$ cat run.pdb   # PDB, C-alpha atoms, pLDDT in the B column
MODEL        1
ATOM      1  CA  MET A  29     139.587  -9.113 171.446  1.00 81.00           C
ATOM      2  CA  LYS A  30     141.850  -7.683 168.719  1.00 88.00           C
ATOM      3  CA  GLN A  31     140.285  -6.067 165.641  1.00 92.00           C
ATOM      4  CA  ILE A  32     140.418  -8.172 162.491  1.00 94.00           C
ATOM      5  CA  GLU A  33     142.523  -6.492 159.819  1.00 93.00           C
ATOM      6  CA  PRO A  34     141.751  -6.672 156.089  1.00 94.00           C
ATOM      7  CA  GLU A  35     144.929  -8.598 155.240  1.00 94.00           C
ATOM      8  CA  GLU A  36     143.765 -11.485 157.429  1.00 95.00           C
ATOM      9  CA  LEU A  37     140.783 -12.208 155.204  1.00 96.00           C
ATOM     10  CA  THR A  38     140.687 -14.829 152.469  1.00 96.00           C
ATOM     11  CA  LEU A  39     138.580 -14.578 149.339  1.00 97.00           C
ATOM     12  CA  GLU A  40     136.246 -17.132 150.895  1.00 97.00           C
ATOM     13  CA  ASP A  41     135.835 -14.891 153.960  1.00 97.00           C
ATOM     14  CA  GLY A  42     134.931 -12.036 151.614  1.00 97.00           C
ATOM     15  CA  ARG A  43     132.382 -14.185 149.828  1.00 97.00           C
ATOM     16  CA  ILE A  44     130.752 -15.060 153.129  1.00 97.00           C
ATOM     17  CA  LEU A  45     130.530 -11.395 154.118  1.00 98.00           C
ATOM     18  CA  VAL A  46     128.904 -10.345 150.833  1.00 98.00           C
ATOM     19  CA  LYS A  47     126.443 -13.252 150.972  1.00 97.00           C
ATOM     20  CA  LYS A  48     125.511 -12.333 154.543  1.00 97.00           C
ATOM     21  CA  ALA A  49     125.026  -8.686 153.575  1.00 98.00           C
ATOM     22  CA  ARG A  50     122.564  -9.763 150.889  1.00 98.00           C
ATOM     23  CA  GLU A  51     120.891 -12.308 153.150  1.00 97.00           C
ATOM     24  CA  SER A  52     120.386  -9.645 155.819  1.00 97.00           C
ATOM     25  CA  VAL A  53     118.485  -7.398 153.402  1.00 98.00           C
ATOM     26  CA  GLU A  54     116.519 -10.269 151.878  1.00 97.00           C
ATOM     27  CA  LYS A  55     115.452 -11.509 155.314  1.00 97.00           C
ATOM     28  CA  ALA A  56     114.379  -8.002 156.313  1.00 97.00           C
ATOM     29  CA  PHE A  57     111.603  -8.108 153.715  1.00 96.00           C
ATOM     30  CA  ILE A  58     110.025 -11.004 155.625  1.00 95.00           C
ATOM     31  CA  TYR A  59     110.911  -9.653 159.093  1.00 95.00           C
ATOM     32  CA  GLU A  60     113.563 -12.269 159.801  1.00 95.00           C
ATOM     33  CA  GLU A  61     117.242 -12.043 160.806  1.00 92.00           C
ATOM     34  CA  ALA A  62     120.279 -13.381 158.969  1.00 92.00           C
ATOM     35  CA  LYS A  63     122.009 -16.245 160.756  1.00 87.00           C
ATOM     36  CA  ILE A  64     125.537 -15.819 162.092  1.00 87.00           C
ATOM     37  CA  ASN A  65     126.109 -19.203 163.723  1.00 84.00           C
ATOM     38  CA  ASP A  66     127.315 -20.694 160.439  1.00 86.00           C
ATOM     39  CA  VAL A  67     130.310 -18.399 159.855  1.00 91.00           C
ATOM     40  CA  PRO A  68     134.003 -18.973 160.716  1.00 92.00           C
ATOM     41  CA  GLU A  69     135.142 -17.920 164.181  1.00 92.00           C
ATOM     42  CA  LYS A  70     137.551 -15.412 162.631  1.00 93.00           C
ATOM     43  CA  LEU A  71     134.627 -13.320 161.360  1.00 96.00           C
ATOM     44  CA  ARG A  72     133.278 -13.036 164.907  1.00 95.00           C
ATOM     45  CA  ARG A  73     136.201 -10.851 165.942  1.00 95.00           C
ATOM     46  CA  PRO A  74     135.593  -7.081 166.161  1.00 96.00           C
ATOM     47  CA  GLY A  75     135.736  -5.443 162.754  1.00 97.00           C
ATOM     48  CA  ALA A  76     134.966  -2.231 160.884  1.00 97.00           C
ATOM     49  CA  ALA A  77     133.105  -2.387 157.580  1.00 98.00           C
ATOM     50  CA  PHE A  78     130.905  -0.559 155.103  1.00 97.00           C
ATOM     51  CA  VAL A  79     128.237  -2.068 152.872  1.00 98.00           C
ATOM     52  CA  THR A  80     127.498  -0.377 149.557  1.00 98.00           C
ATOM     53  CA  ILE A  81     124.336  -1.247 147.645  1.00 98.00           C
ATOM     54  CA  ASN A  82     124.030  -0.285 144.004  1.00 97.00           C
ATOM     55  CA  ILE A  83     121.166  -0.644 141.550  1.00 97.00           C
ATOM     56  CA  ILE A  84     122.090  -1.898 138.091  1.00 94.00           C
ATOM     57  CA  LYS A  85     120.389   0.155 135.377  1.00 88.00           C
ATOM     58  CA  ASN A  86     121.325  -0.178 131.705  1.00 85.00           C
ATOM     59  CA  ARG A  87     124.445  -2.090 132.766  1.00 82.00           C
ATOM     60  CA  LYS A  88     125.573   0.800 134.962  1.00 87.00           C
ATOM     61  CA  LYS A  89     125.772   0.978 138.748  1.00 91.00           C
ATOM     62  CA  GLU A  90     123.860   3.667 140.589  1.00 94.00           C
ATOM     63  CA  LEU A  91     124.426   4.142 144.299  1.00 96.00           C
ATOM     64  CA  ARG A  92     121.400   3.067 146.354  1.00 97.00           C
ATOM     65  CA  GLY A  93     122.851   3.156 149.862  1.00 97.00           C
ATOM     66  CA  CYS A  94     126.141   3.058 151.765  1.00 97.00           C
ATOM     67  CA  ILE A  95     126.484   2.819 155.535  1.00 97.00           C
ATOM     68  CA  GLY A  96     129.210   1.517 157.811  1.00 96.00           C
ATOM     69  CA  TYR A  97     131.224   1.677 161.007  1.00 95.00           C
ATOM     70  CA  VAL A  98     134.759   3.057 160.891  1.00 94.00           C
ATOM     71  CA  LYS A  99     135.509   1.618 164.327  1.00 92.00           C
ATOM     72  CA  PRO A 100     135.311  -2.068 165.360  1.00 94.00           C
ATOM     73  CA  VAL A 101     132.311  -1.677 167.644  1.00 91.00           C
ATOM     74  CA  TYR A 102     130.856  -5.151 166.984  1.00 95.00           C
ATOM     75  CA  PRO A 103     131.994  -8.512 165.616  1.00 96.00           C
ATOM     76  CA  LEU A 104     132.739  -8.126 161.904  1.00 97.00           C
ATOM     77  CA  ILE A 105     129.916 -10.414 160.784  1.00 97.00           C
ATOM     78  CA  GLN A 106     127.416  -8.562 162.959  1.00 96.00           C
ATOM     79  CA  THR A 107     128.657  -5.226 161.646  1.00 97.00           C
ATOM     80  CA  VAL A 108     128.136  -6.344 158.033  1.00 98.00           C
ATOM     81  CA  ILE A 109     124.646  -7.669 158.733  1.00 97.00           C
ATOM     82  CA  GLU A 110     123.592  -4.492 160.533  1.00 97.00           C
ATOM     83  CA  VAL A 111     125.033  -1.951 158.123  1.00 98.00           C
ATOM     84  CA  ALA A 112     123.641  -3.856 155.129  1.00 98.00           C
ATOM     85  CA  ARG A 113     120.149  -3.253 156.471  1.00 98.00           C
ATOM     86  CA  GLU A 114     120.967   0.333 157.302  1.00 98.00           C
ATOM     87  CA  ALA A 115     122.286   0.900 153.767  1.00 98.00           C
ATOM     88  CA  ALA A 116     119.143  -0.638 152.284  1.00 98.00           C
ATOM     89  CA  PHE A 117     116.513   1.017 154.439  1.00 98.00           C
ATOM     90  CA  ASN A 118     117.972   3.906 156.438  1.00 97.00           C
ATOM     91  CA  ASP A 119     120.485   5.806 154.305  1.00 97.00           C
ATOM     92  CA  PRO A 120     119.068   9.355 154.623  1.00 96.00           C
ATOM     93  CA  ARG A 121     120.014  10.141 151.016  1.00 95.00           C
ATOM     94  CA  PHE A 122     117.573   7.579 149.622  1.00 97.00           C
ATOM     95  CA  PRO A 123     114.080   6.193 150.268  1.00 97.00           C
ATOM     96  CA  PRO A 124     113.948   2.657 151.727  1.00 98.00           C
ATOM     97  CA  LEU A 125     114.762  -0.101 149.257  1.00 98.00           C
ATOM     98  CA  GLN A 126     111.655  -1.614 147.676  1.00 97.00           C
ATOM     99  CA  ARG A 127     111.044  -5.276 146.880  1.00 96.00           C
ATOM    100  CA  ARG A 128     110.686  -4.458 143.178  1.00 96.00           C
ATOM    101  CA  GLU A 129     114.240  -3.020 143.222  1.00 96.00           C
ATOM    102  CA  TYR A 130     115.820  -5.945 145.050  1.00 97.00           C
ATOM    103  CA  PRO A 131     116.410  -8.196 141.975  1.00 96.00           C
ATOM    104  CA  PHE A 132     118.606  -5.453 140.504  1.00 97.00           C
ATOM    105  CA  THR A 133     120.757  -4.846 143.594  1.00 97.00           C
ATOM    106  CA  HIS A 134     124.528  -5.230 143.616  1.00 97.00           C
ATOM    107  CA  PHE A 135     126.306  -5.700 146.974  1.00 98.00           C
ATOM    108  CA  GLU A 136     129.801  -4.585 147.950  1.00 97.00           C
ATOM    109  CA  VAL A 137     131.509  -5.025 151.347  1.00 98.00           C
ATOM    110  CA  SER A 138     134.546  -2.976 152.370  1.00 97.00           C
ATOM    111  CA  VAL A 139     136.485  -4.236 155.401  1.00 97.00           C
ATOM    112  CA  LEU A 140     138.504  -1.456 157.040  1.00 97.00           C
ATOM    113  CA  SER A 141     141.755  -1.403 158.972  1.00 96.00           C
ATOM    114  CA  GLY A 142     142.291   0.667 162.073  1.00 94.00           C
ATOM    115  CA  ILE A 143     142.553   4.413 161.409  1.00 94.00           C
ATOM    116  CA  ARG A 144     145.802   6.376 161.559  1.00 95.00           C
ATOM    117  CA  GLU A 145     146.387  10.131 161.410  1.00 96.00           C
ATOM    118  CA  LEU A 146     147.820  11.821 158.324  1.00 96.00           C
ATOM    119  CA  PRO A 147     150.442  14.581 158.781  1.00 96.00           C
ATOM    120  CA  ARG A 148     149.099  17.997 159.813  1.00 95.00           C
ATOM    121  CA  ASP A 149     151.307  19.841 157.326  1.00 96.00           C
ATOM    122  CA  PRO A 150     149.242  20.227 154.109  1.00 95.00           C
ATOM    123  CA  GLU A 151     152.117  19.423 151.732  1.00 95.00           C
ATOM    124  CA  GLU A 152     153.094  16.319 153.691  1.00 96.00           C
ATOM    125  CA  ARG A 153     149.421  15.360 153.987  1.00 96.00           C
ATOM    126  CA  LEU A 154     149.067  15.454 150.201  1.00 96.00           C
ATOM    127  CA  LYS A 155     152.271  13.469 149.622  1.00 96.00           C
ATOM    128  CA  SER A 156     151.246  10.768 152.115  1.00 96.00           C
ATOM    129  CA  ILE A 157     148.148   9.640 150.240  1.00 96.00           C
ATOM    130  CA  VAL A 158     148.367   6.385 148.277  1.00 95.00           C
ATOM    131  CA  MET A 159     145.530   6.313 145.761  1.00 95.00           C
ATOM    132  CA  GLY A 160     143.630   3.059 145.538  1.00 91.00           C
ATOM    133  CA  LYS A 161     144.952   1.945 148.918  1.00 90.00           C
ATOM    134  CA  MET A 162     143.789   4.580 151.397  1.00 94.00           C
ATOM    135  CA  GLY A 163     140.354   5.754 152.402  1.00 96.00           C
ATOM    136  CA  LEU A 164     140.136   9.142 154.128  1.00 97.00           C
ATOM    137  CA  MET A 165     138.278  10.535 157.123  1.00 97.00           C
ATOM    138  CA  VAL A 166     138.194  14.209 158.117  1.00 97.00           C
ATOM    139  CA  VAL A 167     137.277  15.640 161.525  1.00 97.00           C
ATOM    140  CA  ARG A 168     136.835  19.317 162.313  1.00 95.00           C
ATOM    141  CA  GLY A 169     134.892  20.103 165.490  1.00 95.00           C
ATOM    142  CA  ILE A 170     131.422  18.562 165.205  1.00 96.00           C
ATOM    143  CA  PHE A 171     131.908  17.869 161.489  1.00 96.00           C
ATOM    144  CA  SER A 172     133.230  14.608 160.083  1.00 96.00           C
ATOM    145  CA  GLY A 173     133.150  12.770 156.794  1.00 95.00           C
ATOM    146  CA  LEU A 174     134.594   9.657 155.182  1.00 96.00           C
ATOM    147  CA  LEU A 175     135.272   8.364 151.682  1.00 97.00           C
ATOM    148  CA  LEU A 176     136.227   4.772 150.882  1.00 96.00           C
ATOM    149  CA  PRO A 177     139.400   4.081 148.849  1.00 95.00           C
ATOM    150  CA  GLN A 178     137.473   2.909 145.776  1.00 95.00           C
ATOM    151  CA  VAL A 179     135.640   6.241 145.415  1.00 95.00           C
ATOM    152  CA  PRO A 180     138.487   8.383 143.976  1.00 96.00           C
ATOM    153  CA  ILE A 181     139.455   5.583 141.594  1.00 94.00           C
ATOM    154  CA  GLU A 182     135.898   5.206 140.298  1.00 92.00           C
ATOM    155  CA  GLU A 183     135.552   8.980 139.955  1.00 94.00           C
ATOM    156  CA  GLY A 184     138.966   9.517 138.361  1.00 95.00           C
ATOM    157  CA  TRP A 185     140.154  12.008 140.999  1.00 97.00           C
ATOM    158  CA  ASP A 186     143.696  13.051 141.813  1.00 96.00           C
ATOM    159  CA  LYS A 187     144.965  13.333 145.403  1.00 97.00           C
ATOM    160  CA  GLU A 188     143.939  16.951 145.874  1.00 97.00           C
ATOM    161  CA  THR A 189     140.419  16.326 144.590  1.00 97.00           C
ATOM    162  CA  PHE A 190     140.142  13.324 146.918  1.00 98.00           C
ATOM    163  CA  LEU A 191     141.008  15.548 149.895  1.00 97.00           C
ATOM    164  CA  GLU A 192     138.577  18.239 148.740  1.00 97.00           C
ATOM    165  CA  TYR A 193     135.655  15.849 148.365  1.00 97.00           C
ATOM    166  CA  THR A 194     136.335  14.327 151.766  1.00 97.00           C
ATOM    167  CA  CYS A 195     135.944  17.866 153.140  1.00 97.00           C
ATOM    168  CA  TYR A 196     132.693  18.284 151.187  1.00 97.00           C
ATOM    169  CA  LYS A 197     131.415  14.971 152.588  1.00 95.00           C
ATOM    170  CA  ALA A 198     131.774  16.462 156.084  1.00 96.00           C
ATOM    171  CA  GLY A 199     129.934  19.632 155.117  1.00 96.00           C
ATOM    172  CA  LEU A 200     133.151  21.659 155.100  1.00 97.00           C
ATOM    173  CA  GLU A 201     134.810  23.829 152.474  1.00 97.00           C
ATOM    174  CA  GLY A 202     136.903  21.933 149.963  1.00 96.00           C
ATOM    175  CA  SER A 203     140.052  23.720 151.101  1.00 96.00           C
ATOM    176  CA  CYS A 204     139.693  22.503 154.705  1.00 96.00           C
ATOM    177  CA  TRP A 205     142.493  19.979 154.160  1.00 96.00           C
ATOM    178  CA  LYS A 206     144.979  22.863 153.855  1.00 96.00           C
ATOM    179  CA  ASP A 207     144.322  23.928 157.462  1.00 95.00           C
ATOM    180  CA  GLU A 208     146.531  22.206 160.049  1.00 94.00           C
ATOM    181  CA  LYS A 209     143.689  22.446 162.583  1.00 94.00           C
ATOM    182  CA  THR A 210     141.673  20.024 160.468  1.00 96.00           C
ATOM    183  CA  GLU A 211     142.331  16.407 161.433  1.00 96.00           C
ATOM    184  CA  PHE A 212     142.717  13.890 158.615  1.00 97.00           C
ATOM    185  CA  TYR A 213     142.920  10.155 159.088  1.00 97.00           C
ATOM    186  CA  TYR A 214     143.438   7.266 156.706  1.00 97.00           C
ATOM    187  CA  PHE A 215     142.628   3.586 156.641  1.00 96.00           C
ATOM    188  CA  VAL A 216     143.168   0.781 154.174  1.00 95.00           C
ATOM    189  CA  ALA A 217     140.432  -1.536 152.999  1.00 95.00           C
ATOM    190  CA  ARG A 218     139.772  -4.678 151.047  1.00 95.00           C
ATOM    191  CA  VAL A 219     136.637  -4.674 148.977  1.00 96.00           C
ATOM    192  CA  PHE A 220     134.592  -7.712 147.984  1.00 98.00           C
ATOM    193  CA  GLU A 221     131.742  -7.426 145.499  1.00 97.00           C
ATOM    194  CA  GLU A 222     129.329  -9.303 143.273  1.00 97.00           C
ATOM    195  CA  LYS A 223     130.311  -9.204 139.593  1.00 95.00           C
ATOM    196  CA  TYR A 224     126.612  -8.729 138.865  1.00 93.00           C
ATOM    197  CA  PRO A 225     123.413  -9.053 140.980  1.00 95.00           C
ATOM    198  CA  PHE A 226     123.429 -12.449 142.757  1.00 96.00           C
ATOM    199  CA  GLY A 227     126.553 -13.362 140.772  1.00 96.00           C
ATOM    200  CA  GLU A 228     130.094 -14.520 141.494  1.00 97.00           C
ATOM    201  CA  ILE A 229     131.807 -12.684 144.355  1.00 98.00           C
ATOM    202  CA  ILE A 230     135.300 -11.372 143.729  1.00 97.00           C
ATOM    203  CA  GLU A 231     137.831  -9.084 145.358  1.00 96.00           C
ATOM    204  CA  LYS A 232     137.618  -5.667 143.767  1.00 93.00           C
ATOM    205  CA  GLU A 233     140.781  -4.392 142.105  1.00 87.00           C
ATOM    206  CA  LEU A 234     141.431  -0.759 143.047  1.00 81.00           C
TER     207      LEU A 234
ENDMDL
END
$ encode --input "run.pdb" --output "structure tokens"
Amino acid sequence: MKQIEPEELTLEDGRILVKKARESVEKAFIYEEAKINDVPEKLRRPGAAFVTINIIKNRKKELRGCIGYVKPVYPLIQTVIEVAREAAFNDPRFPPLQRREYPFTHFEVSVLSGIRELPRDPEERLKSIVMGKMGLMVVRGIFSGLLLPQVPIEEGWDKETFLEYTCYKAGLEGSCWKDEKTEFYYFVARVFEEKYPFGEIIEKEL
């Protein structure tokens, strides 16, 4: 079955995905599973997605977990449900989410397109990037790393800094993007998020 692409989604589809991400984490506290038999058939097609969980402190978002699949291994709805739990409880950068933190959580779902390779020539690679549209993935031997398209916008990076930090994410030197032996890929994404914890779900403007 063909992978679902971000442009196929409606705002209502995005709202369902964010609600299911939250439901998955909420159900995990009572050792139950989120239901998937009540979602549109479209969302049962294979899809790639990341779930980002933030904690709201003093009206500011602090990352609490972010996990996802860059390839459409499972149906999109199943992917979102699984990676939501992984982001909450198994992101190695953070301790498992606690019940006392849950009321302050903010959920964000990024639905990814298929990945395509950027040019190998460093100058062409740099020129090819469209900020706010592309996420990046780097591969060099056993090392790999990925940054979602909203990250450089939120951090205020330029194209070169975006490439450098993608290298850092993989555990590589920041200049790795200048080496033609380093593989760089891009994908586009649509991002749906809560305006505030448990609040209205909107499409994020990048």
$ closest_residue --input "run.pdb" --among "A:Ile32, A:Leu174, A:Leu125, A:Ile44" --to "A:Pro100" --atoms "only C-alpha atoms"
A:Ile32
$ resolve_selection --input "run.pdb" --expression "the PyMOL selection byres ((chain A and resi 225) around 6)" --output "number ranges by chain"
A: 133-134, 224, 226-227
$ write_last_selection --input "run.pdb" --atoms "C-alpha atoms" --output "PDB file, keeping the file's coordinate frame"
ATOM      1  CA  THR A 133     120.757  -4.846 143.594  1.00 97.00           C
ATOM      2  CA  HIS A 134     124.528  -5.230 143.616  1.00 97.00           C
ATOM      3  CA  TYR A 224     126.612  -8.729 138.865  1.00 93.00           C
ATOM      4  CA  PHE A 226     123.429 -12.449 142.757  1.00 96.00           C
ATOM      5  CA  GLY A 227     126.553 -13.362 140.772  1.00 96.00           C
TER       6      GLY A 227
END
$ residues_around --input "run.pdb" --residues "stretch 93-96 of chain A" --least-positions-apart "6" --cutoff "8 Å" --atoms "all atoms listed in the file" --output "ChimeraX atom specification"
/A:76-82,107-108,111-112,114-116,119,121-122
$ resolve_selection --input "run.pdb" --expression "the PyMOL selection byres ((chain A and resi 140-152) around 10)" --output "PyMOL selection string"
chain A and resi 31-35+75-78+96-100+137-139+153-157+162-166+176-177+204-219
$ residues_around --input "run.pdb" --residues "A:Leu39" --least-positions-apart "4" --cutoff "9 Å" --atoms "only C-alpha atoms" --output "number ranges by chain"
A: 43-44, 220, 229-231
$ closest_residue --input "run.pdb" --among "A:Lys48, A:Lys197, A:Lys223, A:Arg87" --to "A:Glu61" --atoms "all atoms listed in the file"
A:Lys48
$ axis_aligned_box --input "run.pdb" --around "stretch 60-67 of chain A" --padding-each-side "6 Å" --output "JSON"
{"center_x": 121.9, "center_y": -16.4, "center_z": 161.3, "size_x": 28.7, "size_y": 20.7, "size_z": 16.8}
